[in-house]
>>> print(open('protein.pdb').read())   # PDB, C-alpha atoms, pLDDT in the B column
ATOM      1  CA  MET A   1     -46.155-159.547  89.773  1.00 39.00           C
ATOM      2  CA  GLN A   2     -47.492-162.631  91.532  1.00 50.00           C
ATOM      3  CA  GLN A   3     -50.984-163.770  90.594  1.00 60.00           C
ATOM      4  CA  GLN A   4     -53.600-163.444  93.321  1.00 73.00           C
ATOM      5  CA  HIS A   5     -55.511-166.617  94.069  1.00 81.00           C
ATOM      6  CA  ASN A   6     -58.913-167.062  95.597  1.00 90.00           C
ATOM      7  CA  THR A   7     -58.999-170.719  96.518  1.00 92.00           C
ATOM      8  CA  ALA A   8     -62.600-170.580  97.729  1.00 92.00           C
ATOM      9  CA  ASP A   9     -63.865-169.224  94.410  1.00 95.00           C
ATOM     10  CA  GLU A  10     -61.661-171.481  92.283  1.00 96.00           C
ATOM     11  CA  PHE A  11     -62.585-174.577  94.273  1.00 96.00           C
ATOM     12  CA  SER A  12     -66.273-173.675  94.201  1.00 96.00           C
ATOM     13  CA  HIS A  13     -66.141-173.144  90.434  1.00 97.00           C
ATOM     14  CA  GLU A  14     -64.570-176.561  89.796  1.00 98.00           C
ATOM     15  CA  VAL A  15     -66.971-178.276  92.221  1.00 98.00           C
ATOM     16  CA  GLY A  16     -69.822-176.617  90.322  1.00 98.00           C
ATOM     17  CA  GLN A  17     -68.559-178.025  87.032  1.00 97.00           C
ATOM     18  CA  CYS A  18     -68.370-181.536  88.532  1.00 98.00           C
ATOM     19  CA  ARG A  19     -71.771-181.182  90.192  1.00 98.00           C
ATOM     20  CA  ASP A  20     -73.434-179.972  86.980  1.00 98.00           C
ATOM     21  CA  LEU A  21     -72.156-183.003  85.078  1.00 98.00           C
ATOM     22  CA  PHE A  22     -73.226-185.361  87.881  1.00 98.00           C
ATOM     23  CA  ALA A  23     -76.733-183.851  87.837  1.00 98.00           C
ATOM     24  CA  ALA A  24     -76.995-184.060  84.038  1.00 98.00           C
ATOM     25  CA  LYS A  25     -75.868-187.685  83.978  1.00 98.00           C
ATOM     26  CA  THR A  26     -78.252-188.511  86.815  1.00 98.00           C
ATOM     27  CA  ARG A  27     -81.083-187.022  84.741  1.00 97.00           C
ATOM     28  CA  ASP A  28     -79.977-189.126  81.744  1.00 98.00           C
ATOM     29  CA  TYR A  29     -79.154-192.424  83.462  1.00 97.00           C
ATOM     30  CA  GLY A  30     -80.676-192.253  86.917  1.00 97.00           C
ATOM     31  CA  THR A  31     -78.488-193.748  89.609  1.00 97.00           C
ATOM     32  CA  SER A  32     -77.531-196.817  87.595  1.00 96.00           C
ATOM     33  CA  TRP A  33     -74.105-196.587  89.257  1.00 97.00           C
ATOM     34  CA  ARG A  34     -75.727-197.821  92.487  1.00 97.00           C
ATOM     35  CA  VAL A  35     -75.248-201.359  91.136  1.00 96.00           C
ATOM     36  CA  LEU A  36     -71.451-200.940  91.353  1.00 96.00           C
ATOM     37  CA  ARG A  37     -69.578-202.284  94.337  1.00 95.00           C
ATOM     38  CA  LEU A  38     -66.934-200.085  95.958  1.00 95.00           C
ATOM     39  CA  PRO A  39     -64.026-201.956  94.301  1.00 96.00           C
ATOM     40  CA  SER A  40     -65.634-201.293  90.908  1.00 97.00           C
ATOM     41  CA  LEU A  41     -65.803-197.570  91.628  1.00 97.00           C
ATOM     42  CA  THR A  42     -62.204-197.663  92.847  1.00 97.00           C
ATOM     43  CA  ASP A  43     -61.221-199.299  89.560  1.00 98.00           C
ATOM     44  CA  GLN A  44     -63.116-196.653  87.568  1.00 98.00           C
ATOM     45  CA  ILE A  45     -61.108-193.950  89.318  1.00 98.00           C
ATOM     46  CA  PHE A  46     -57.925-195.961  88.673  1.00 98.00           C
ATOM     47  CA  ILE A  47     -58.703-196.159  84.942  1.00 97.00           C
ATOM     48  CA  LYS A  48     -59.048-192.371  84.782  1.00 98.00           C
ATOM     49  CA  ALA A  49     -55.886-191.648  86.796  1.00 98.00           C
ATOM     50  CA  ASN A  50     -53.881-194.236  84.873  1.00 97.00           C
ATOM     51  CA  ARG A  51     -54.970-192.741  81.536  1.00 97.00           C
ATOM     52  CA  ILE A  52     -53.840-189.289  82.676  1.00 97.00           C
ATOM     53  CA  ARG A  53     -50.463-190.633  83.779  1.00 97.00           C
ATOM     54  CA  SER A  54     -50.042-192.583  80.558  1.00 96.00           C
ATOM     55  CA  ILE A  55     -50.731-189.470  78.471  1.00 96.00           C
ATOM     56  CA  GLN A  56     -48.432-187.367  80.662  1.00 94.00           C
ATOM     57  CA  GLU A  57     -45.613-189.867  80.208  1.00 95.00           C
ATOM     58  CA  SER A  58     -46.083-190.592  76.497  1.00 94.00           C
ATOM     59  CA  GLY A  59     -47.178-187.123  75.436  1.00 93.00           C
ATOM     60  CA  GLU A  60     -49.690-188.799  73.140  1.00 93.00           C
ATOM     61  CA  ASN A  61     -53.482-188.709  73.441  1.00 93.00           C
ATOM     62  CA  ARG A  62     -54.957-191.086  70.856  1.00 92.00           C
ATOM     63  CA  VAL A  63     -58.538-190.951  72.123  1.00 89.00           C
ATOM     64  CA  GLY A  64     -58.546-187.174  71.865  1.00 86.00           C
ATOM     65  CA  GLU A  65     -60.702-186.647  74.949  1.00 86.00           C
ATOM     66  CA  GLY A  66     -59.198-184.014  77.216  1.00 90.00           C
ATOM     67  CA  LEU A  67     -57.698-184.653  80.623  1.00 95.00           C
ATOM     68  CA  ARG A  68     -60.078-182.240  82.386  1.00 96.00           C
ATOM     69  CA  ALA A  69     -62.914-184.705  81.789  1.00 97.00           C
ATOM     70  CA  GLU A  70     -60.896-187.422  83.517  1.00 97.00           C
ATOM     71  CA  PHE A  71     -60.330-185.302  86.633  1.00 98.00           C
ATOM     72  CA  VAL A  72     -64.033-184.409  86.738  1.00 98.00           C
ATOM     73  CA  ALA A  73     -64.879-188.106  86.431  1.00 98.00           C
ATOM     74  CA  MET A  74     -62.525-188.943  89.311  1.00 98.00           C
ATOM     75  CA  VAL A  75     -64.271-186.390  91.515  1.00 98.00           C
ATOM     76  CA  ASN A  76     -67.690-187.756  90.635  1.00 98.00           C
ATOM     77  CA  TYR A  77     -66.740-191.429  90.953  1.00 98.00           C
ATOM     78  CA  ALA A  78     -65.190-190.715  94.361  1.00 98.00           C
ATOM     79  CA  VAL A  79     -68.400-188.992  95.487  1.00 98.00           C
ATOM     80  CA  MET A  80     -70.370-192.003  94.201  1.00 98.00           C
ATOM     81  CA  ALA A  81     -68.094-194.254  96.256  1.00 97.00           C
ATOM     82  CA  LEU A  82     -68.742-192.189  99.382  1.00 98.00           C
ATOM     83  CA  ILE A  83     -72.484-192.402  98.735  1.00 98.00           C
ATOM     84  CA  GLN A  84     -72.210-196.165  98.196  1.00 96.00           C
ATOM     85  CA  SER A  85     -70.270-196.497 101.418  1.00 94.00           C
ATOM     86  CA  GLU A  86     -72.971-194.582 103.262  1.00 95.00           C
ATOM     87  CA  LEU A  87     -76.004-196.314 101.730  1.00 96.00           C
ATOM     88  CA  GLY A  88     -74.555-199.808 101.412  1.00 92.00           C
ATOM     89  CA  ALA A  89     -75.617-202.474  98.954  1.00 86.00           C
ATOM     90  CA  ASP A  90     -78.967-202.901 100.707  1.00 89.00           C
ATOM     91  CA  GLY A  91     -79.997-199.288 100.126  1.00 90.00           C
ATOM     92  CA  PRO A  92     -82.320-198.281  97.299  1.00 93.00           C
ATOM     93  CA  GLN A  93     -80.831-198.822  93.842  1.00 93.00           C
ATOM     94  CA  GLU A  94     -82.658-195.913  92.246  1.00 96.00           C
ATOM     95  CA  LEU A  95     -82.527-192.555  93.975  1.00 97.00           C
ATOM     96  CA  PRO A  96     -84.640-189.575  92.978  1.00 97.00           C
ATOM     97  CA  LEU A  97     -82.551-186.758  91.493  1.00 97.00           C
ATOM     98  CA  GLU A  98     -83.149-184.578  94.554  1.00 98.00           C
ATOM     99  CA  LYS A  99     -81.889-187.284  96.936  1.00 98.00           C
ATOM    100  CA  ALA A 100     -78.870-188.050  94.758  1.00 98.00           C
ATOM    101  CA  MET A 101     -77.952-184.364  94.682  1.00 98.00           C
ATOM    102  CA  GLU A 102     -78.520-184.019  98.434  1.00 98.00           C
ATOM    103  CA  LEU A 103     -76.062-186.878  99.023  1.00 98.00           C
ATOM    104  CA  TYR A 104     -73.625-185.434  96.476  1.00 98.00           C
ATOM    105  CA  ASP A 105     -73.705-182.072  98.253  1.00 98.00           C
ATOM    106  CA  LYS A 106     -73.238-183.719 101.648  1.00 98.00           C
ATOM    107  CA  HIS A 107     -70.089-185.568 100.590  1.00 98.00           C
ATOM    108  CA  ILE A 108     -68.583-182.817  98.440  1.00 98.00           C
ATOM    109  CA  GLY A 109     -69.258-180.439 101.349  1.00 98.00           C
ATOM    110  CA  ALA A 110     -67.318-182.669 103.743  1.00 97.00           C
ATOM    111  CA  ALA A 111     -64.440-182.868 101.241  1.00 97.00           C
ATOM    112  CA  THR A 112     -64.481-179.090 100.880  1.00 97.00           C
ATOM    113  CA  ARG A 113     -64.359-178.546 104.646  1.00 96.00           C
ATOM    114  CA  LEU A 114     -61.385-180.905 104.907  1.00 95.00           C
ATOM    115  CA  MET A 115     -59.679-179.062 102.051  1.00 95.00           C
ATOM    116  CA  TYR A 116     -60.051-175.730 103.873  1.00 93.00           C
ATOM    117  CA  ASN A 117     -58.590-177.194 107.062  1.00 94.00           C
ATOM    118  CA  LYS A 118     -55.667-178.855 105.319  1.00 92.00           C
ATOM    119  CA  ASN A 119     -55.119-175.855 103.067  1.00 91.00           C
ATOM    120  CA  HIS A 120     -54.781-173.686 106.162  1.00 89.00           C
ATOM    121  CA  ASP A 121     -52.298-176.029 107.815  1.00 93.00           C
ATOM    122  CA  TYR A 122     -50.246-176.730 104.674  1.00 93.00           C
ATOM    123  CA  GLY A 123     -50.259-173.150 103.395  1.00 90.00           C
ATOM    124  CA  GLU A 124     -51.568-173.961  99.904  1.00 91.00           C
ATOM    125  CA  ALA A 125     -48.524-176.111  99.152  1.00 93.00           C
ATOM    126  CA  TRP A 126     -50.510-177.792  96.368  1.00 93.00           C
ATOM    127  CA  ARG A 127     -50.131-174.637  94.272  1.00 93.00           C
ATOM    128  CA  GLU A 128     -46.399-175.384  94.027  1.00 92.00           C
ATOM    129  CA  MET A 129     -46.956-179.027  93.133  1.00 93.00           C
ATOM    130  CA  ARG A 130     -46.945-180.415  89.630  1.00 94.00           C
ATOM    131  CA  VAL A 131     -50.191-181.858  88.291  1.00 95.00           C
ATOM    132  CA  GLY A 132     -48.252-185.058  87.561  1.00 96.00           C
ATOM    133  CA  SER A 133     -47.232-185.351  91.207  1.00 96.00           C
ATOM    134  CA  MET A 134     -50.838-185.005  92.307  1.00 97.00           C
ATOM    135  CA  VAL A 135     -51.817-187.732  89.825  1.00 98.00           C
ATOM    136  CA  ASP A 136     -49.150-189.947  91.403  1.00 98.00           C
ATOM    137  CA  LEU A 137     -50.629-189.221  94.843  1.00 97.00           C
ATOM    138  CA  ILE A 138     -54.088-190.159  93.545  1.00 98.00           C
ATOM    139  CA  LEU A 139     -52.674-193.445  92.220  1.00 98.00           C
ATOM    140  CA  MET A 140     -51.013-194.087  95.603  1.00 97.00           C
ATOM    141  CA  LYS A 141     -54.319-193.411  97.393  1.00 96.00           C
ATOM    142  CA  LEU A 142     -56.002-195.879  95.017  1.00 97.00           C
ATOM    143  CA  ARG A 143     -53.426-198.571  95.828  1.00 96.00           C
ATOM    144  CA  ARG A 144     -54.092-198.005  99.512  1.00 94.00           C
ATOM    145  CA  ILE A 145     -57.857-198.180  98.986  1.00 95.00           C
ATOM    146  CA  LYS A 146     -57.473-201.404  96.984  1.00 95.00           C
ATOM    147  CA  GLN A 147     -55.374-202.925  99.771  1.00 94.00           C
ATOM    148  CA  ILE A 148     -57.991-201.993 102.368  1.00 92.00           C
ATOM    149  CA  GLU A 149     -60.724-203.419 100.122  1.00 93.00           C
ATOM    150  CA  ASP A 150     -58.735-206.628  99.696  1.00 91.00           C
ATOM    151  CA  ASN A 151     -58.449-206.777 103.512  1.00 89.00           C
ATOM    152  CA  HIS A 152     -62.255-206.491 103.766  1.00 83.00           C
ATOM    153  CA  GLY A 153     -62.012-202.987 105.217  1.00 81.00           C
ATOM    154  CA  LYS A 154     -59.792-203.957 108.130  1.00 78.00           C
ATOM    155  CA  THR A 155     -56.926-201.620 109.012  1.00 76.00           C
ATOM    156  CA  LEU A 156     -54.554-201.481 111.955  1.00 76.00           C
ATOM    157  CA  VAL A 157     -53.723-197.782 112.130  1.00 73.00           C
ATOM    158  CA  SER A 158     -54.896-196.274 108.855  1.00 75.00           C
ATOM    159  CA  GLU A 159     -57.998-194.339 107.966  1.00 80.00           C
ATOM    160  CA  GLY A 160     -60.577-196.283 106.001  1.00 83.00           C
ATOM    161  CA  VAL A 161     -61.385-196.026 102.325  1.00 93.00           C
ATOM    162  CA  GLU A 162     -63.584-192.972 102.859  1.00 95.00           C
ATOM    163  CA  GLY A 163     -60.582-190.805 103.742  1.00 94.00           C
ATOM    164  CA  GLY A 164     -58.832-191.951 100.581  1.00 96.00           C
ATOM    165  CA  TYR A 165     -61.820-191.044  98.430  1.00 97.00           C
ATOM    166  CA  VAL A 166     -62.003-187.586 100.024  1.00 97.00           C
ATOM    167  CA  ASP A 167     -58.293-187.018  99.345  1.00 97.00           C
ATOM    168  CA  ILE A 168     -58.808-188.085  95.716  1.00 98.00           C
ATOM    169  CA  ILE A 169     -61.648-185.572  95.366  1.00 98.00           C
ATOM    170  CA  ASN A 170     -59.456-182.782  96.676  1.00 97.00           C
ATOM    171  CA  TYR A 171     -56.372-183.677  94.624  1.00 97.00           C
ATOM    172  CA  ALA A 172     -58.463-183.950  91.447  1.00 98.00           C
ATOM    173  CA  LEU A 173     -60.035-180.553  92.150  1.00 98.00           C
ATOM    174  CA  PHE A 174     -56.583-179.066  92.795  1.00 97.00           C
ATOM    175  CA  CYS A 175     -55.478-180.474  89.430  1.00 97.00           C
ATOM    176  CA  LEU A 176     -58.450-178.851  87.722  1.00 97.00           C
ATOM    177  CA  ILE A 177     -57.573-175.505  89.314  1.00 96.00           C
ATOM    178  CA  ARG A 178     -53.904-175.828  88.334  1.00 94.00           C
ATOM    179  CA  MET A 179     -54.847-176.750  84.770  1.00 94.00           C
ATOM    180  CA  THR A 180     -57.077-173.676  84.563  1.00 90.00           C
ATOM    181  CA  GLU A 181     -54.202-171.514  85.836  1.00 85.00           C
ATOM    182  CA  ASP A 182     -51.841-173.027  83.278  1.00 80.00           C
ATOM    183  CA  GLU A 183     -54.341-172.259  80.493  1.00 77.00           C
ATOM    184  CA  GLN A 184     -54.441-168.555  81.430  1.00 67.00           C
TER     185      GLN A 184
END
>>> encode(input="protein.pdb", output="structure tokens")
Amino acid sequence: MQQQHNTADEFSHEVGQCRDLFAAKTRDYGTSWRVLRLPSLTDQIFIKANRIRSIQESGENRVGEGLRAEFVAMVNYAVMALIQSELGADGPQELPLEKAMELYDKHIGAATRLMYNKNHDYGEAWREMRVGSMVDLILMKLRRIKQIEDNHGKTLVSEGVEGGYVDIINYALFCLIRMTEDEQ
């Protein structure tokens, strides 16, 4: 018997987990991340994705911290990058919790809408993908973002860095859903 999936509920659950952590860290640290430039946030996401790939390939996790936390961090760092892109370096460094959460919801909402549209067109193909393949796609998106950053945001035919961050959010959330399925 094939398992029934409810992508909307699963996606919403994982977004909620990411959002809760973002809110808690914002309460603890404020928006100290506002000091980071976009390439620094890109590199933070790279560190997380590279660690996951390294553990997948070696089968060894010496730090002991689970991989779920890394996917959640990638979602949240990508949302931070989208907020940074919107506000720019000249925007306020410290945001009230309510404003930070409003911006978080705005960008995660846009990513969710894109997911629904792509999920419709692609027929939930991600459910047949390996988590490792999605990590590879995240790493590819990061290489593309880095290239665009190194070109000072100039592209000839490609979407900008924002589209890459949104794709990373969605792939990381898909990985979280797949990992939950695999645990059941």
>>> resolve_selection(input="protein.pdb", expression="the PyMOL selection byres ((chain A and resi 174-176) around 12)", output="ChimeraX atom specification")
/A:7-8,10-18,49,52,66-75,112,115,119,124-138,167-173,177-183
>>> atom_distance(input="protein.pdb", atom1="CA of Gln147 (chain A)", atom2="CA of Ala78 (chain A)")
16.6 Å
>>> residues_around(input="protein.pdb", residues="Trp33 (chain A)", least_positions_apart="3", cutoff="12 Å", atoms="all atoms listed in the file", output="ChimeraX atom specification")
/A:22,25-26,29-30,36-38,40-41,44,76-81,83-84,89,92-95,100
>>> closest_residue(input="protein.pdb", among="A:Gly91, A:Gly123, A:Gly153, A:Gly59", to="Pro39 (chain A)", atoms="all atoms listed in the file")
A:Gly153
>>> atom_distance(input="protein.pdb", atom1="CA of Lys48 (chain A)", atom2="CA of Ile145 (chain A)")
15.4 Å
>>> atom_distance(input="protein.pdb", atom1="CA of Val166 (chain A)", atom2="CA of Ser58 (chain A)")
28.6 Å
>>> build_atoms(input="protein.pdb", residues="region 18-51 of chain A", atoms="N, CA and C atoms", output="mmCIF file, in the frame of the given file")
data_model
loop_
_atom_site.group_PDB
_atom_site.id
_atom_site.type_symbol
_atom_site.label_atom_id
_atom_site.label_comp_id
_atom_site.auth_asym_id
_atom_site.auth_seq_id
_atom_site.Cartn_x
_atom_site.Cartn_y
_atom_site.Cartn_z
ATOM 1 N N CYS A 18 -68.193 -180.098 88.248
ATOM 2 C CA CYS A 18 -68.370 -181.536 88.532
ATOM 3 C C CYS A 18 -69.821 -181.837 88.896
ATOM 4 N N ARG A 19 -70.391 -180.997 89.734
ATOM 5 C CA ARG A 19 -71.771 -181.182 90.192
ATOM 6 C C ARG A 19 -72.747 -181.103 89.023
ATOM 7 N N ASP A 20 -72.546 -180.121 88.137
ATOM 8 C CA ASP A 20 -73.434 -179.972 86.980
ATOM 9 C C ASP A 20 -73.424 -181.223 86.111
ATOM 10 N N LEU A 21 -72.237 -181.785 85.889
ATOM 11 C CA LEU A 21 -72.156 -183.003 85.078
ATOM 12 C C LEU A 21 -72.822 -184.175 85.791
ATOM 13 N N PHE A 22 -72.595 -184.291 87.103
ATOM 14 C CA PHE A 22 -73.226 -185.361 87.881
ATOM 15 C C PHE A 22 -74.748 -185.258 87.780
ATOM 16 N N ALA A 23 -75.280 -184.055 87.920
ATOM 17 C CA ALA A 23 -76.733 -183.851 87.837
ATOM 18 C C ALA A 23 -77.256 -184.207 86.444
ATOM 19 N N ALA A 24 -76.556 -183.771 85.409
ATOM 20 C CA ALA A 24 -76.995 -184.060 84.038
ATOM 21 C C ALA A 24 -76.983 -185.563 83.760
ATOM 22 N N LYS A 25 -75.940 -186.230 84.204
ATOM 23 C CA LYS A 25 -75.868 -187.685 83.978
ATOM 24 C C LYS A 25 -76.915 -188.410 84.814
ATOM 25 N N THR A 26 -77.212 -187.893 85.997
ATOM 26 C CA THR A 26 -78.252 -188.511 86.815
ATOM 27 C C THR A 26 -79.609 -188.351 86.135
ATOM 28 N N ARG A 27 -79.840 -187.209 85.505
ATOM 29 C CA ARG A 27 -81.083 -187.022 84.741
ATOM 30 C C ARG A 27 -81.152 -188.011 83.577
ATOM 31 N N ASP A 28 -80.016 -188.223 82.908
ATOM 32 C CA ASP A 28 -79.977 -189.126 81.744
ATOM 33 C C ASP A 28 -80.075 -190.595 82.129
ATOM 34 N N TYR A 29 -79.318 -191.000 83.150
ATOM 35 C CA TYR A 29 -79.154 -192.424 83.462
ATOM 36 C C TYR A 29 -79.749 -192.851 84.793
ATOM 37 N N GLY A 30 -80.255 -191.908 85.571
ATOM 38 C CA GLY A 30 -80.676 -192.253 86.917
ATOM 39 C C GLY A 30 -79.438 -192.571 87.742
ATOM 40 N N THR A 31 -79.630 -193.358 88.769
ATOM 41 C CA THR A 31 -78.488 -193.748 89.609
ATOM 42 C C THR A 31 -78.100 -195.196 89.312
ATOM 43 N N SER A 32 -77.935 -195.475 88.017
ATOM 44 C CA SER A 32 -77.531 -196.817 87.595
ATOM 45 C C SER A 32 -76.212 -197.244 88.235
ATOM 46 N N TRP A 33 -75.378 -196.289 88.616
ATOM 47 C CA TRP A 33 -74.105 -196.587 89.257
ATOM 48 C C TRP A 33 -74.283 -197.249 90.627
ATOM 49 N N ARG A 34 -75.487 -197.196 91.182
ATOM 50 C CA ARG A 34 -75.727 -197.821 92.487
ATOM 51 C C ARG A 34 -75.497 -199.325 92.442
ATOM 52 N N VAL A 35 -75.494 -199.927 91.256
ATOM 53 C CA VAL A 35 -75.248 -201.359 91.136
ATOM 54 C C VAL A 35 -73.761 -201.697 91.350
ATOM 55 N N LEU A 36 -72.892 -200.700 91.237
ATOM 56 C CA LEU A 36 -71.451 -200.940 91.353
ATOM 57 C C LEU A 36 -71.032 -201.130 92.811
ATOM 58 N N ARG A 37 -70.187 -202.108 93.022
ATOM 59 C CA ARG A 37 -69.578 -202.284 94.337
ATOM 60 C C ARG A 37 -68.422 -201.298 94.485
ATOM 61 N N LEU A 38 -68.024 -201.048 95.726
ATOM 62 C CA LEU A 38 -66.934 -200.085 95.958
ATOM 63 C C LEU A 38 -65.670 -200.407 95.157
ATOM 64 N N PRO A 39 -65.226 -201.681 95.102
ATOM 65 C CA PRO A 39 -64.026 -201.956 94.301
ATOM 66 C C PRO A 39 -64.192 -201.591 92.817
ATOM 67 N N SER A 40 -65.408 -201.681 92.303
ATOM 68 C CA SER A 40 -65.634 -201.293 90.908
ATOM 69 C C SER A 40 -65.484 -199.785 90.728
ATOM 70 N N LEU A 41 -65.977 -199.021 91.692
ATOM 71 C CA LEU A 41 -65.803 -197.570 91.628
ATOM 72 C C LEU A 41 -64.331 -197.196 91.795
ATOM 73 N N THR A 42 -63.647 -197.885 92.682
ATOM 74 C CA THR A 42 -62.204 -197.663 92.847
ATOM 75 C C THR A 42 -61.488 -197.908 91.527
ATOM 76 N N ASP A 43 -61.856 -198.985 90.840
ATOM 77 C CA ASP A 43 -61.221 -199.299 89.560
ATOM 78 C C ASP A 43 -61.565 -198.269 88.482
ATOM 79 N N GLN A 44 -62.763 -197.712 88.519
ATOM 80 C CA GLN A 44 -63.116 -196.653 87.568
ATOM 81 C C GLN A 44 -62.223 -195.430 87.772
ATOM 82 N N ILE A 45 -61.994 -195.081 89.025
ATOM 83 C CA ILE A 45 -61.108 -193.950 89.318
ATOM 84 C C ILE A 45 -59.688 -194.283 88.857
ATOM 85 N N PHE A 46 -59.259 -195.525 89.101
ATOM 86 C CA PHE A 46 -57.925 -195.961 88.673
ATOM 87 C C PHE A 46 -57.757 -195.832 87.159
ATOM 88 N N ILE A 47 -58.770 -196.248 86.406
ATOM 89 C CA ILE A 47 -58.703 -196.159 84.942
ATOM 90 C C ILE A 47 -58.457 -194.709 84.518
ATOM 91 N N LYS A 48 -59.182 -193.789 85.133
ATOM 92 C CA LYS A 48 -59.048 -192.371 84.782
ATOM 93 C C LYS A 48 -57.658 -191.848 85.142
ATOM 94 N N ALA A 49 -57.201 -192.128 86.355
ATOM 95 C CA ALA A 49 -55.886 -191.648 86.796
ATOM 96 C C ALA A 49 -54.769 -192.280 85.972
ATOM 97 N N ASN A 50 -54.909 -193.550 85.654
ATOM 98 C CA ASN A 50 -53.881 -194.236 84.873
ATOM 99 C C ASN A 50 -53.808 -193.672 83.455
ATOM 100 N N ARG A 51 -54.961 -193.344 82.878
ATOM 101 C CA ARG A 51 -54.970 -192.741 81.536
ATOM 102 C C ARG A 51 -54.240 -191.402 81.558
#
